[in-house]
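Student: One structure follows; several queries about it will come next.
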Amino acid sequence: MTDAASALPVGSVDRRASGWYGVLCLIATESALFVYLLFSYYYSAVQLPPTWTPEPHPSFAYSLPATIAMLLSSAAVWWSTRSLHGRALGAHRLGLAFAIILGLIFFAFEGLEWASKPYMLSSNLYSSLFFTITGFDLAHLAIGIVGLCAVLIWSLLGYLDYRRESPTVIMAAYWHFVTAVWIAIFFTLYITPYFR
Amino acid sequence: MFRLRVLGQLLRASGAIRIAAVAASTFWLAGCGPVAGASVPGGDSAHGAKLIGHLGCGACHIIPGISQAEGLVGPPLDHFGRRMIIAGLLPNTPENLEAWLENPQAIVPGNAMPNMELKKDEARDIATYLYTLR
Amino acid sequence: MTFQVERVPHAGTATPSFRQRLEHIWETEPGVAGFFSTVDHKKIGIRYIITAFIFLAAGGIEALILRLQLARPNQNLLAPEQYDQLFSTHGMTMIFLYALPVLSGFSNYLWPLILGARDMAFPRVNALSYWLYVASGIFMYVGFFMGAGPNDGWFNYVPYANRTYNPGLSMDFYSLGMVFLGISTTVGAANFVVTFLRLRAPGMSINRLPVMTWGTLTASAANLLVVPSVSLAFFMLWLDRNFGTHFFDVSKGGQPLLWQHLFWIFGHPWVYALVLPAMGMVSEGLPVFCRRPLVGYSAVVLATLATMTLGFGVWVHHMFATGLPNLAMSFFSGISLIITIPSAVTVFCWTATIWTGRPVITTAFLFFASTIILFVIGGVSGFMTGSVPADWQLNDTYFVVAHIHYVLLGINVFPVCGALYYWFPKMTGRLLDERLGQWNFWTMFVGFNLAFLPMHLTGLLGMPRRIYTYPAGVGWDTLNMITTIGAFILAVGVLLLFINVVTSLIGGALAGANPWDAPTLEWSVPSPPPPYNFAVLPKVASRYPLWESRLQASRGASSVTEGALLDHERETFGVTPLDGEPDIILKMPFDSYAPFVLTVGTTAIFVGLLLHRHLWPLAIVGAVIAAASLLAWLWPERRLGQTVEAAP
Amino acid sequence: MNAINRDTRRASRALAPLAFGILSLFALPARAAPPLTYMIGDGPKAYPVVSLTWGLLIISLIVITIMTVLVCLGAVHRRSPRGDLSIEAVPLLHGGAGLRWVGFGVVITGIVLFGSLIWTMAVLARVSNPPAGKSPLTIEITGQQWWWKARYLSADPSKVLTTADEFHIPVGQPVRVKLIGADVIHNFWVPALTGKMQAIPGKINETWLEASKPGRYRGQCTEYCGWQHAHMAFFVVADPPDVFQAWLTKQLEPAAPASAQDQHGQQLFQQHCGLCHTVRGTLAGGTVAPDLTHVMSRETLAAGTLPNTPGNLVGWVANPQSIKPGNNMPDLFLSGPDLTDITTYLRTLK
């Protein structure tokens, strides 16, 4: 505009789309939410005797495969985004599909994990925290899966290509954020009890 | 749980009038004690009012002019100077009232009003105050 | 019209026919349809302001009833439970439903105009945040009118808020309502942040941003980070009350202090979020009436950022009496004192602006200048409470009540009134009456100080907060009576403001584009502005585009008459965050019912959750409605350049 | 340190009459010193805090005065001769020495703040713990809706005293207070002796206080705790050590046996009141309500709500819900004779 006659992109394009900045804000505020959730956990851990956790050594039987599924799904999303940049629409869609399936696998493992617990939401402080923290994570994951499905459908409908990639980029950012949150939760709920 | 619903009650006409009344009286800083007019010779109604406050008569009786005298245990003492019978038994005369105040249990044994161990002149002062409530 | 992926924006000047075309593109459908679907930031901004003022009036009436009860000792106008609900509702209303929304309203209205854009970054989100705000406000007030308003203060400490001590729906209304309102605040804050970064006039680099926008930016950024804290706390409380969790239940290891931490981690930054945008408005308006640029733009901006940053680290000064270690208290006490410095910078800059300017004493100037004094009074009482041993005495007495009212009225209500006098002509095309304005100011100023200055003394004489009655003869009678009288005078002042607004709307003097000879972009467009704001997108070369020719020091060459003509549907520039160089032509959305429908769905969710014992399917229905409207909202649209061009 | 201590003490004492004068000027209707003010204090914990509070208040008043004068003077002195709305007629200004003055102001502010911070830290360090060398008495105080229970702790179980709402302490001896929240959060505050400390369920907080002269100090709950938060006062009565010992000994005694005509009253009391209240030496052993073994030794009823007079006692027992709505004592619907017998009995509990 400074009288330079350079052409400007029009509409939602890559990281210049408003949605990209929007998702960064979303990630900021949701990260804060999980910080406060984990703060509640650590605060209780500091205030109470070590016996406050029903299991001194939480099992990795379901949580470790779930973590691996989550990491793989993030990798799939990354591959999908990269393929879109490289104009490989097929790989882009395949990556999204993988990510969705891996997300569902994570869901299944978490379901098994929940079912395997001898306590319920209302049993004690630890159980309340455990189910609320993982529940918030699962809710974010569920929204993420719906979002990935929407992006996949849009891609199949031919809405997206390397120039109109904003939905993919935005959704990918959200998905990586959900993965990062899970890693923090995994570390908190499953690893830190071993340090005591 | 809630004895009164907050705004519903406030919005009802009576509530609004009550607020208006309190608003008006709130700004009426001047004291509004009862009309002086001792019907008991030698009594000091101001001292009587003070005694009523100290003894805590207001915990059981509504007594105009006495702070916090809003008790609902015994009969309200408004218009006391115009009441006919005290303790449901005696004509409302100064002598009877003073006797009652000095020792209510002697007049109606087992009634709910305690003996305050009042001296004669104290009972007279209280009676004087009560008779100002017309 | 075929859709172009890239385009060179045409430059030029606006012709009448061009303006007509823009008008056609941008205008909102009249009538009911437009009412529920508009995304025009100006309409939304004014709605925000009007709604916030309605809540201010409601909170004010509640306060007056409280003051009647406290006017004299041992009064029985209100039963204890009525008093508790009234003071809690008063706090909730003023702090959550008035103070931030009114600032959001001004920012909503002004930002695109002052930044030189045609709308906010997310116009539909803007509409959504308004509808959610109204819906959550109504939600909480429904509770109040049902006799189930909040009754544990706005801070809502557990365990008193737990079901054991607080049966009934009061706390369920309040906790769900706060989560509900939190969504509105969060999406609104995100919108401000993105708008600040991206939607400005070309050339408006980061050091040329109007000083006002910094206040709302920092407040919004802070809200993004702290609102989740209070939403989470209230959500946990709701779980505790309804699903038997034990976050705050002592018998099963719960921690009452966790509530205090989560609440004040949010609560204290929130107070800064309530004042920084208002301070921004003072920084914007005061210099105009002093006939000079603000002294120390950079200093004020840095002070704003510093205040907010330090503001995250002072929450524990609300908890000095909870038995924390001395080391922790010393640290938070130190920060609570140090945070005074950035505030002092701002106050000194304003004062220096007056001294090195030529103040023109208008009503707006009076409101802005009085803010300085009120801020100093509210600030030093905050400084006193920042000192731990003094706070052990001052805290939870009327001294702190006086402090918070000096802060929230002094640095929110007074600047907002000033802003109303300043920007009313822009919003309506008519000036507010000055004569009535002077009456309005002096009544409010005298009433306010009569009510709250003696209240400091009431506090120093030891009157505790939140008591529904007090004994006679402990030294508080006269002071309370004075405060009550002052409160009523203040109320008359606010009433004068409302009268002035109504009469001026009907018969006020016509304002013209720039009645105050102010320097920023919003004054370059007609009053009230057309739906598209700027016919040509202005080009900015300095902080004061409309003063450039008259400020010797300025070498800028801004242009408000010639610039880019973006007229393919609704368009505006996106610029780089630091340099303000355009790097994209953004397609702005059309009017949409999605925000309203999403709000209806969300409301159904919350009502379903509130009545989950009887009506839980309603929450499911609400969730389906919300999800459907969200998906429709986000579905890529060709008109908005969100899909691949179908044919070359 | 001791010298500083003594200095502050002397200063505070010199300040006290002045403070009293100023405060009572504003609190005209109150005949004595306002009972809850903290601008006058007593005891080694209160003195440094009182000085600090006055100091900060005076700094604050100076700052307010300077800034108000500056703003008003600036607006008047520099005001444009054209006060009307035609702002265009007033030329724009630029530059000026504004920033230099801002810098100057900030430096002064910084110095004052730094000084205040040091003072704060010094006072905090001094009042955090009771002075060493004196063996403190320990009282465990429980805040509950809406009264205060105290247990005077002792190694000898027979010397543990439980009482309510009026706590006697010996003059010149520090008293450690352990705070327990029984239901919701309460806040323990005796303005003239010590600042606030919350009584939080699930957590035991500690504070301390010491009175250096005999007196009756009013305290109050200051954390909002429900309906009757307004009526949750208590009193700390500082006695000379021998008087305190006598009080303690007397309080530890069980209630004297009821005389023949009070037998019926005692029986009624046990029957109607004994599940909540204790009168040691009788069958009444409830612990959820105040211990009434020596209730007549207290000057107030219902946590400072009413003076303990015969009239109030009867009124309270007959209808506690109208006097203190929502409190945990139910209306008992006693008959007149029963009410008389119970209250007559209560009045023997000296």
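By order of appearance in the structure tokens: chains A, B, ..., then residues from 1 within every chain, and ligands from 1 in the order shown.
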Would you list, as number ranges by chain, the residues of region 421-574 of chain C that end up in helix (DSSP H, G or I) under DSSP run on this structure's backbone?
Tutor: C: 421-428, 434-460, 477-507, 521-524, 548-550
Student: Identify, on the basis of only C-alpha atoms, every residue whose closest approach to Met588 (chain C) does not exceed 7 Å; exclude the query and any residue fewer than 2 positions from it along the same chain; express the result as an MDAnalysis selection string.
Tutor: chainID C and resid 570:571 586 590 640
Student: Keeping only all heavy atoms, write the selected residues as a PDB file, in the first residue's frame.
Tutor:
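Written file, selection_7.pdb:
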ATOM      1  N   ARG C 570     -16.892  -7.335   1.779  1.00  0.00           N
ATOM      2  CA  ARG C 570     -16.365  -6.661   2.974  1.00  0.00           C
ATOM      3  C   ARG C 570     -14.885  -6.976   3.121  1.00  0.00           C
ATOM      4  O   ARG C 570     -14.511  -8.136   3.287  1.00  0.00           O
ATOM      5  CB  ARG C 570     -17.118  -7.137   4.220  1.00  0.00           C
ATOM      6  CG  ARG C 570     -18.581  -6.764   4.204  1.00  0.00           C
ATOM      7  CD  ARG C 570     -19.252  -7.126   5.518  1.00  0.00           C
ATOM      8  NE  ARG C 570     -20.636  -6.659   5.510  1.00  0.00           N
ATOM      9  CZ  ARG C 570     -21.480  -6.843   6.524  1.00  0.00           C
ATOM     10  NH1 ARG C 570     -21.082  -7.472   7.600  1.00  0.00           N
ATOM     11  NH2 ARG C 570     -22.714  -6.392   6.446  1.00  0.00           N
ATOM     12  N   GLU C 571     -14.059  -5.947   3.086  1.00  0.00           N
ATOM     13  CA  GLU C 571     -12.624  -6.186   3.149  1.00  0.00           C
ATOM     14  C   GLU C 571     -11.929  -5.149   4.034  1.00  0.00           C
ATOM     15  O   GLU C 571     -12.385  -4.018   4.181  1.00  0.00           O
ATOM     16  CB  GLU C 571     -12.016  -6.100   1.737  1.00  0.00           C
ATOM     17  CG  GLU C 571     -12.426  -7.230   0.829  1.00  0.00           C
ATOM     18  CD  GLU C 571     -11.867  -7.061  -0.574  1.00  0.00           C
ATOM     19  OE1 GLU C 571     -11.597  -5.919  -0.991  1.00  0.00           O
ATOM     20  OE2 GLU C 571     -11.693  -8.079  -1.240  1.00  0.00           O
ATOM     21  N   LEU C 586      -7.985  -8.939   4.115  1.00  0.00           N
ATOM     22  CA  LEU C 586      -8.854  -9.869   4.840  1.00  0.00           C
ATOM     23  C   LEU C 586     -10.283  -9.727   4.358  1.00  0.00           C
ATOM     24  O   LEU C 586     -10.781  -8.620   4.151  1.00  0.00           O
ATOM     25  CB  LEU C 586      -8.785  -9.585   6.343  1.00  0.00           C
ATOM     26  CG  LEU C 586      -7.442  -9.848   7.019  1.00  0.00           C
ATOM     27  CD1 LEU C 586      -7.438  -9.271   8.421  1.00  0.00           C
ATOM     28  CD2 LEU C 586      -7.150 -11.339   7.059  1.00  0.00           C
ATOM     29  N   PHE C 590     -20.050 -11.734   6.720  1.00  0.00           N
ATOM     30  CA  PHE C 590     -21.328 -11.040   6.611  1.00  0.00           C
ATOM     31  C   PHE C 590     -22.128 -11.247   7.875  1.00  0.00           C
ATOM     32  O   PHE C 590     -21.752 -12.034   8.737  1.00  0.00           O
ATOM     33  CB  PHE C 590     -22.079 -11.559   5.386  1.00  0.00           C
ATOM     34  CG  PHE C 590     -21.356 -11.213   4.130  1.00  0.00           C
ATOM     35  CD1 PHE C 590     -20.358 -12.042   3.646  1.00  0.00           C
ATOM     36  CD2 PHE C 590     -21.616 -10.018   3.483  1.00  0.00           C
ATOM     37  CE1 PHE C 590     -19.650 -11.691   2.517  1.00  0.00           C
ATOM     38  CE2 PHE C 590     -20.902  -9.673   2.357  1.00  0.00           C
ATOM     39  CZ  PHE C 590     -19.917 -10.503   1.867  1.00  0.00           C
ATOM     40  N   LEU C 640     -15.742 -15.721   1.400  1.00  0.00           N
ATOM     41  CA  LEU C 640     -14.767 -15.195   2.360  1.00  0.00           C
ATOM     42  C   LEU C 640     -13.356 -15.644   2.010  1.00  0.00           C
ATOM     43  O   LEU C 640     -12.432 -15.481   2.795  1.00  0.00           O
ATOM     44  CB  LEU C 640     -15.119 -15.665   3.777  1.00  0.00           C
ATOM     45  CG  LEU C 640     -16.485 -15.224   4.290  1.00  0.00           C
ATOM     46  CD1 LEU C 640     -16.697 -15.708   5.717  1.00  0.00           C
ATOM     47  CD2 LEU C 640     -16.622 -13.715   4.230  1.00  0.00           C
TER      48      LEU C 640
END
Student: Near Trp316 (chain D), counting only C-alpha atoms, which residues have an atom at most 9 Å away, once you skip same-chain residues fewer than 4 positions from it, shown as a VMD selection string?
Tutor: (chain B and resid 59 to 60) or (chain D and resid 301 to 302 306 311 to 312 320 to 324)
Student: Ranking B:Val108, B:Val40, B:Ala127, B:Leu55 by minimum distance to chain D and counting only C-alpha atoms, which one comes first?
Tutor: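 Of the candidates, the smallest distance to chain D is held by B:Leu55.
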Student: Show me, as number ranges by chain, the residues that have an atom within 9 Å of region 500-517 of chain C when counting only C-alpha atoms, minus same-chain residues fewer than 3 positions from it.
Tutor: C: 288-289, 291, 422, 424-426, 428-433, 436-437, 440, 495-497, 522-529, 546-547; D: 85-88
Student: Take the residues just selected and output them with C-alpha atoms as an mmCIF file, in the first residue's frame.
Tutor:
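In the end it all went to out-v5.cif:
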data_model
loop_
_atom_site.group_PDB
_atom_site.id
_atom_site.type_symbol
_atom_site.label_atom_id
_atom_site.label_comp_id
_atom_site.auth_asym_id
_atom_site.auth_seq_id
_atom_site.Cartn_x
_atom_site.Cartn_y
_atom_site.Cartn_z
ATOM 1 C CA VAL C 288 -6.778 16.470 23.761
ATOM 2 C CA PHE C 289 -8.239 18.864 26.325
ATOM 3 C CA ARG C 291 -4.081 20.804 23.734
ATOM 4 C CA TYR C 422 -15.623 12.688 24.914
ATOM 5 C CA PHE C 424 -20.637 10.499 22.702
ATOM 6 C CA PRO C 425 -20.530 12.990 19.784
ATOM 7 C CA LYS C 426 -18.722 10.410 17.672
ATOM 8 C CA THR C 428 -24.379 9.773 18.055
ATOM 9 C CA GLY C 429 -23.426 12.895 16.145
ATOM 10 C CA ARG C 430 -24.599 15.063 19.036
ATOM 11 C CA LEU C 431 -22.726 16.655 21.918
ATOM 12 C CA LEU C 432 -23.757 16.046 25.504
ATOM 13 C CA ASP C 433 -24.949 19.189 27.201
ATOM 14 C CA LEU C 436 -25.845 19.723 32.737
ATOM 15 C CA GLY C 437 -22.493 18.020 32.370
ATOM 16 C CA ASN C 440 -23.367 15.982 36.636
ATOM 17 C CA LEU C 495 -29.117 10.068 37.258
ATOM 18 C CA LEU C 496 -28.083 13.452 35.845
ATOM 19 C CA LEU C 497 -25.776 11.617 33.459
ATOM 20 C CA GLU C 522 -11.837 8.093 14.565
ATOM 21 C CA TRP C 523 -12.259 11.873 14.308
ATOM 22 C CA SER C 524 -11.523 11.840 10.579
ATOM 23 C CA VAL C 525 -14.803 10.134 9.735
ATOM 24 C CA PRO C 526 -18.306 11.604 10.022
ATOM 25 C CA SER C 527 -20.243 11.402 13.297
ATOM 26 C CA PRO C 528 -21.789 8.900 13.604
ATOM 27 C CA PRO C 529 -19.489 6.904 11.349
ATOM 28 C CA LEU C 546 -4.815 14.781 12.428
ATOM 29 C CA TRP C 547 -2.348 17.049 14.227
ATOM 30 C CA LEU D 85 -15.957 24.119 23.329
ATOM 31 C CA SER D 86 -14.201 25.804 20.410
ATOM 32 C CA ILE D 87 -11.010 23.983 21.149
ATOM 33 C CA GLU D 88 -9.660 24.702 17.704
#
Student: When you look at Cys57 (chain B) with a cut-off of 10 Å (counting only C-alpha atoms), what residues show up, excluding the ones that are within fewer than 5 positions of it in the same chain? I need them as a tab-separated table (two decimals) with all heavy atoms, in the first residue's frame.
Tutor:
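Saved as out-v1.tsv:
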chain	number	residue	atom	x	y	z
B	51	LEU	N	-32.65	2.28	81.96
B	51	LEU	CA	-32.73	0.99	82.68
B	51	LEU	C	-33.29	-0.11	81.79
B	51	LEU	O	-32.81	-1.24	81.79
B	51	LEU	CB	-33.63	1.16	83.91
B	51	LEU	CG	-32.97	1.70	85.17
B	51	LEU	CD1	-34.05	1.96	86.23
B	51	LEU	CD2	-31.94	0.72	85.69
B	52	ILE	N	-34.32	0.26	81.04
B	52	ILE	CA	-34.93	-0.73	80.15
B	52	ILE	C	-33.88	-1.27	79.18
B	52	ILE	O	-33.78	-2.47	78.94
B	52	ILE	CB	-36.12	-0.10	79.38
B	52	ILE	CG1	-37.27	0.18	80.34
B	52	ILE	CG2	-36.58	-1.01	78.24
B	52	ILE	CD1	-38.42	0.93	79.73
B	62	ILE	N	-41.40	-5.58	72.39
B	62	ILE	CA	-41.23	-4.44	71.48
B	62	ILE	C	-41.54	-3.19	72.29
B	62	ILE	O	-42.63	-3.07	72.86
B	62	ILE	CB	-42.21	-4.56	70.29
B	62	ILE	CG1	-41.79	-5.74	69.42
B	62	ILE	CG2	-42.24	-3.26	69.49
B	62	ILE	CD1	-42.78	-6.11	68.36
B	63	ILE	N	-40.56	-2.30	72.42
B	63	ILE	CA	-40.77	-1.10	73.22
B	63	ILE	C	-40.37	0.10	72.37
B	63	ILE	O	-39.19	0.30	72.09
B	63	ILE	CB	-39.92	-1.12	74.51
B	63	ILE	CG1	-40.02	-2.49	75.17
B	63	ILE	CG2	-40.37	-0.02	75.45
B	63	ILE	CD1	-39.05	-2.66	76.32
B	66	ILE	N	-36.82	2.47	72.36
B	66	ILE	CA	-35.66	1.78	72.92
B	66	ILE	C	-34.95	1.04	71.79
B	66	ILE	O	-35.58	0.27	71.06
B	66	ILE	CB	-36.08	0.76	74.00
B	66	ILE	CG1	-36.94	1.41	75.06
B	66	ILE	CG2	-34.85	0.08	74.61
B	66	ILE	CD1	-36.22	2.40	75.93
B	68	GLN	N	-33.13	-1.53	69.65
B	68	GLN	CA	-33.09	-2.99	69.58
B	68	GLN	C	-34.17	-3.68	70.40
B	68	GLN	O	-34.08	-4.87	70.64
B	68	GLN	CB	-31.74	-3.52	70.06
B	68	GLN	CG	-30.69	-3.55	68.97
B	68	GLN	CD	-29.41	-4.10	69.51
B	68	GLN	OE1	-28.77	-3.44	70.32
B	68	GLN	NE2	-29.02	-5.29	69.07
B	69	ALA	N	-35.18	-2.93	70.86
B	69	ALA	CA	-36.25	-3.58	71.62
B	69	ALA	C	-37.27	-4.12	70.65
B	69	ALA	O	-38.24	-3.45	70.29
B	69	ALA	CB	-36.88	-2.59	72.60
B	70	GLU	N	-37.00	-5.35	70.17
B	70	GLU	CA	-37.85	-5.93	69.14
B	70	GLU	C	-38.24	-7.35	69.50
B	70	GLU	O	-38.55	-8.16	68.64
B	70	GLU	CB	-37.11	-5.92	67.80
B	70	GLU	CG	-37.05	-4.54	67.17
B	70	GLU	CD	-35.74	-4.30	66.44
B	70	GLU	OE1	-34.91	-5.22	66.39
B	70	GLU	OE2	-35.55	-3.19	65.94
B	71	GLY	N	-38.17	-7.69	70.79
B	71	GLY	CA	-38.42	-9.06	71.21
B	71	GLY	C	-39.85	-9.50	70.94
B	71	GLY	O	-40.79	-8.69	70.96
B	74	GLY	N	-42.62	-11.66	74.91
B	74	GLY	CA	-43.74	-11.14	75.69
B	74	GLY	C	-44.57	-10.19	74.85
B	74	GLY	O	-44.30	-10.00	73.66
B	113	MET	N	-41.89	-13.90	82.91
B	113	MET	CA	-41.08	-12.70	83.15
B	113	MET	C	-40.25	-12.87	84.42
B	113	MET	O	-40.76	-13.17	85.46
B	113	MET	CB	-42.00	-11.48	83.28
B	113	MET	CG	-41.23	-10.21	83.50
B	113	MET	SD	-42.12	-8.78	82.87
B	113	MET	CE	-41.41	-7.49	83.89
B	116	MET	N	-36.41	-9.04	88.17
B	116	MET	CA	-35.23	-8.26	87.81
B	116	MET	C	-34.53	-7.70	89.03
B	116	MET	O	-33.55	-6.99	88.92
B	116	MET	CB	-35.63	-7.10	86.90
B	116	MET	CG	-36.22	-7.54	85.60
B	116	MET	SD	-34.96	-8.20	84.52
B	116	MET	CE	-35.89	-8.41	83.03
D	309	THR	N	-27.71	-9.65	80.86
D	309	THR	CA	-28.59	-9.15	81.91
D	309	THR	C	-29.74	-10.14	82.05
D	309	THR	O	-29.98	-10.93	81.14
D	309	THR	CB	-29.16	-7.78	81.53
D	309	THR	OG1	-29.96	-7.94	80.36
D	309	THR	CG2	-28.06	-6.78	81.25
D	310	PRO	N	-30.45	-10.09	83.19
D	310	PRO	CA	-31.54	-11.05	83.38
D	310	PRO	C	-32.55	-11.01	82.24
D	310	PRO	O	-32.98	-12.05	81.74
D	310	PRO	CB	-32.17	-10.61	84.70
D	310	PRO	CG	-31.09	-9.85	85.41
D	310	PRO	CD	-30.23	-9.24	84.36
D	311	GLY	N	-32.90	-9.83	81.83
D	311	GLY	CA	-33.89	-9.71	80.76
D	311	GLY	C	-33.41	-10.35	79.48
D	311	GLY	O	-34.11	-11.12	78.82
D	312	ASN	N	-32.17	-10.00	79.11
D	312	ASN	CA	-31.64	-10.55	77.87
D	312	ASN	C	-31.50	-12.06	77.94
D	312	ASN	O	-31.72	-12.77	76.95
D	312	ASN	CB	-30.28	-9.92	77.56
D	312	ASN	CG	-30.43	-8.52	77.01
D	312	ASN	OD1	-31.44	-8.19	76.39
D	312	ASN	ND2	-29.42	-7.69	77.23
D	313	LEU	N	-31.11	-12.57	79.10
D	313	LEU	CA	-30.94	-14.01	79.25
D	313	LEU	C	-32.26	-14.73	78.98
D	313	LEU	O	-32.32	-15.67	78.20
D	313	LEU	CB	-30.42	-14.33	80.65
D	313	LEU	CG	-30.14	-15.81	80.91
D	313	LEU	CD1	-28.99	-16.29	80.05
D	313	LEU	CD2	-29.84	-16.07	82.37
D	314	VAL	N	-33.32	-14.23	79.57
D	314	VAL	CA	-34.62	-14.86	79.37
D	314	VAL	C	-35.05	-14.72	77.92
D	314	VAL	O	-35.49	-15.68	77.28
D	314	VAL	CB	-35.68	-14.23	80.31
D	314	VAL	CG1	-37.06	-14.73	79.96
D	314	VAL	CG2	-35.33	-14.55	81.74
D	315	GLY	N	-34.90	-13.52	77.39
D	315	GLY	CA	-35.30	-13.29	76.01
D	315	GLY	C	-34.54	-14.19	75.06
D	315	GLY	O	-35.11	-14.74	74.12
Student: For CA of Gln393 (chain C) and CA of Gly195 (chain D), quote the distance in Å rounded to one decimal.
Tutor: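 Computing the Euclidean distance for CA of Gln393 (chain C) and CA of Gly195 (chain D) yields 4.9 Å.
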Student: If we count only C-alpha atoms and set the cut-off at 12 Å, which residues sit around Gly42 (chain B), ignoring sequence neighbours fewer than 6 positions away in its own chain? Please answer as a list in words.
Tutor: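 Skipping anything fewer than 6 positions along the chain leaves Gly48, Pro94, Lys120, Asp121, Glu122, Ala123, Arg124, Asp125, Ile126, Ala127, Thr128 and Tyr129 of chain B.
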Student: For the selection you just gave me, I'd like the residues written to a file as a JSON list (two decimals), in the first residue's frame, keeping N, CA and C atoms.
Tutor:
[["chain", "number", "residue", "atom", "x", "y", "z"],
["B", 48, "GLY", "N", -35.59, 5.74, 83.34],
["B", 48, "GLY", "CA", -36.33, 4.50, 83.09],
["B", 48, "GLY", "C", -35.96, 3.89, 81.75],
["B", 94, "PRO", "N", -50.53, 2.78, 88.08],
["B", 94, "PRO", "CA", -49.11, 2.90, 88.43],
["B", 94, "PRO", "C", -48.72, 1.97, 89.57],
["B", 120, "LYS", "N", -37.33, 0.07, 94.34],
["B", 120, "LYS", "CA", -38.60, 0.79, 94.19],
["B", 120, "LYS", "C", -38.53, 1.94, 93.21],
["B", 121, "ASP", "N", -37.48, 2.77, 93.37],
["B", 121, "ASP", "CA", -37.42, 3.95, 92.50],
["B", 121, "ASP", "C", -37.09, 3.56, 91.06],
["B", 122, "GLU", "N", -36.36, 2.47, 90.92],
["B", 122, "GLU", "CA", -36.08, 2.00, 89.56],
["B", 122, "GLU", "C", -37.38, 1.57, 88.88],
["B", 123, "ALA", "N", -38.19, 0.80, 89.60],
["B", 123, "ALA", "CA", -39.48, 0.37, 89.05],
["B", 123, "ALA", "C", -40.32, 1.57, 88.70],
["B", 124, "ARG", "N", -40.26, 2.59, 89.54],
["B", 124, "ARG", "CA", -41.06, 3.78, 89.28],
["B", 124, "ARG", "C", -40.57, 4.47, 88.00],
["B", 125, "ASP", "N", -39.26, 4.56, 87.85],
["B", 125, "ASP", "CA", -38.73, 5.22, 86.64],
["B", 125, "ASP", "C", -39.16, 4.46, 85.38],
["B", 126, "ILE", "N", -39.10, 3.14, 85.47],
["B", 126, "ILE", "CA", -39.49, 2.35, 84.29],
["B", 126, "ILE", "C", -40.97, 2.55, 84.00],
["B", 127, "ALA", "N", -41.76, 2.51, 85.04],
["B", 127, "ALA", "CA", -43.20, 2.73, 84.86],
["B", 127, "ALA", "C", -43.44, 4.10, 84.23],
["B", 128, "THR", "N", -42.71, 5.09, 84.71],
["B", 128, "THR", "CA", -42.86, 6.44, 84.16],
["B", 128, "THR", "C", -42.61, 6.43, 82.66],
["B", 129, "TYR", "N", -41.55, 5.73, 82.27],
["B", 129, "TYR", "CA", -41.25, 5.69, 80.84],
["B", 129, "TYR", "C", -42.39, 5.00, 80.08]]
Student: Quick one: residues within 10 Å of Ser116 (chain A), only C-alpha atoms counted, chain neighbours fewer than 5 positions away excluded, as a PyMOL selection string?
Tutor: chain A and resi 62+110-111
Student: Put those residues in a file: N, CA and C atoms, as a CSV table (one decimal), in the first residue's frame.
Tutor:
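Heads up, here's the output in result08.csv:
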chain,number,residue,atom,x,y,z
A,62,TYR,N,-2.0,-48.8,30.5
A,62,TYR,CA,-2.8,-48.2,29.4
A,62,TYR,C,-2.2,-46.8,29.1
A,110,GLU,N,-7.7,-44.5,27.1
A,110,GLU,CA,-8.1,-43.8,28.3
A,110,GLU,C,-9.4,-44.3,28.9
A,111,GLY,N,-10.2,-44.8,28.0
A,111,GLY,CA,-11.5,-45.4,28.5
A,111,GLY,C,-11.1,-46.7,29.4
Student: Rank nothing, just name the residue among C:Pro617, C:Ala594, C:Ala63, C:Leu286 nearest to Gly357 (chain C), using only C-alpha atoms.
Tutor: C:Leu286
Student: Which residue is closest to His294 (chain D)? Choose from D:Ile180, D:Val237, D:Ala164, D:Cys221 and count only C-alpha atoms.
Tutor: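 Once distances to His294 (chain D) are computed over only C-alpha atoms, the minimum belongs to D:Ala164.
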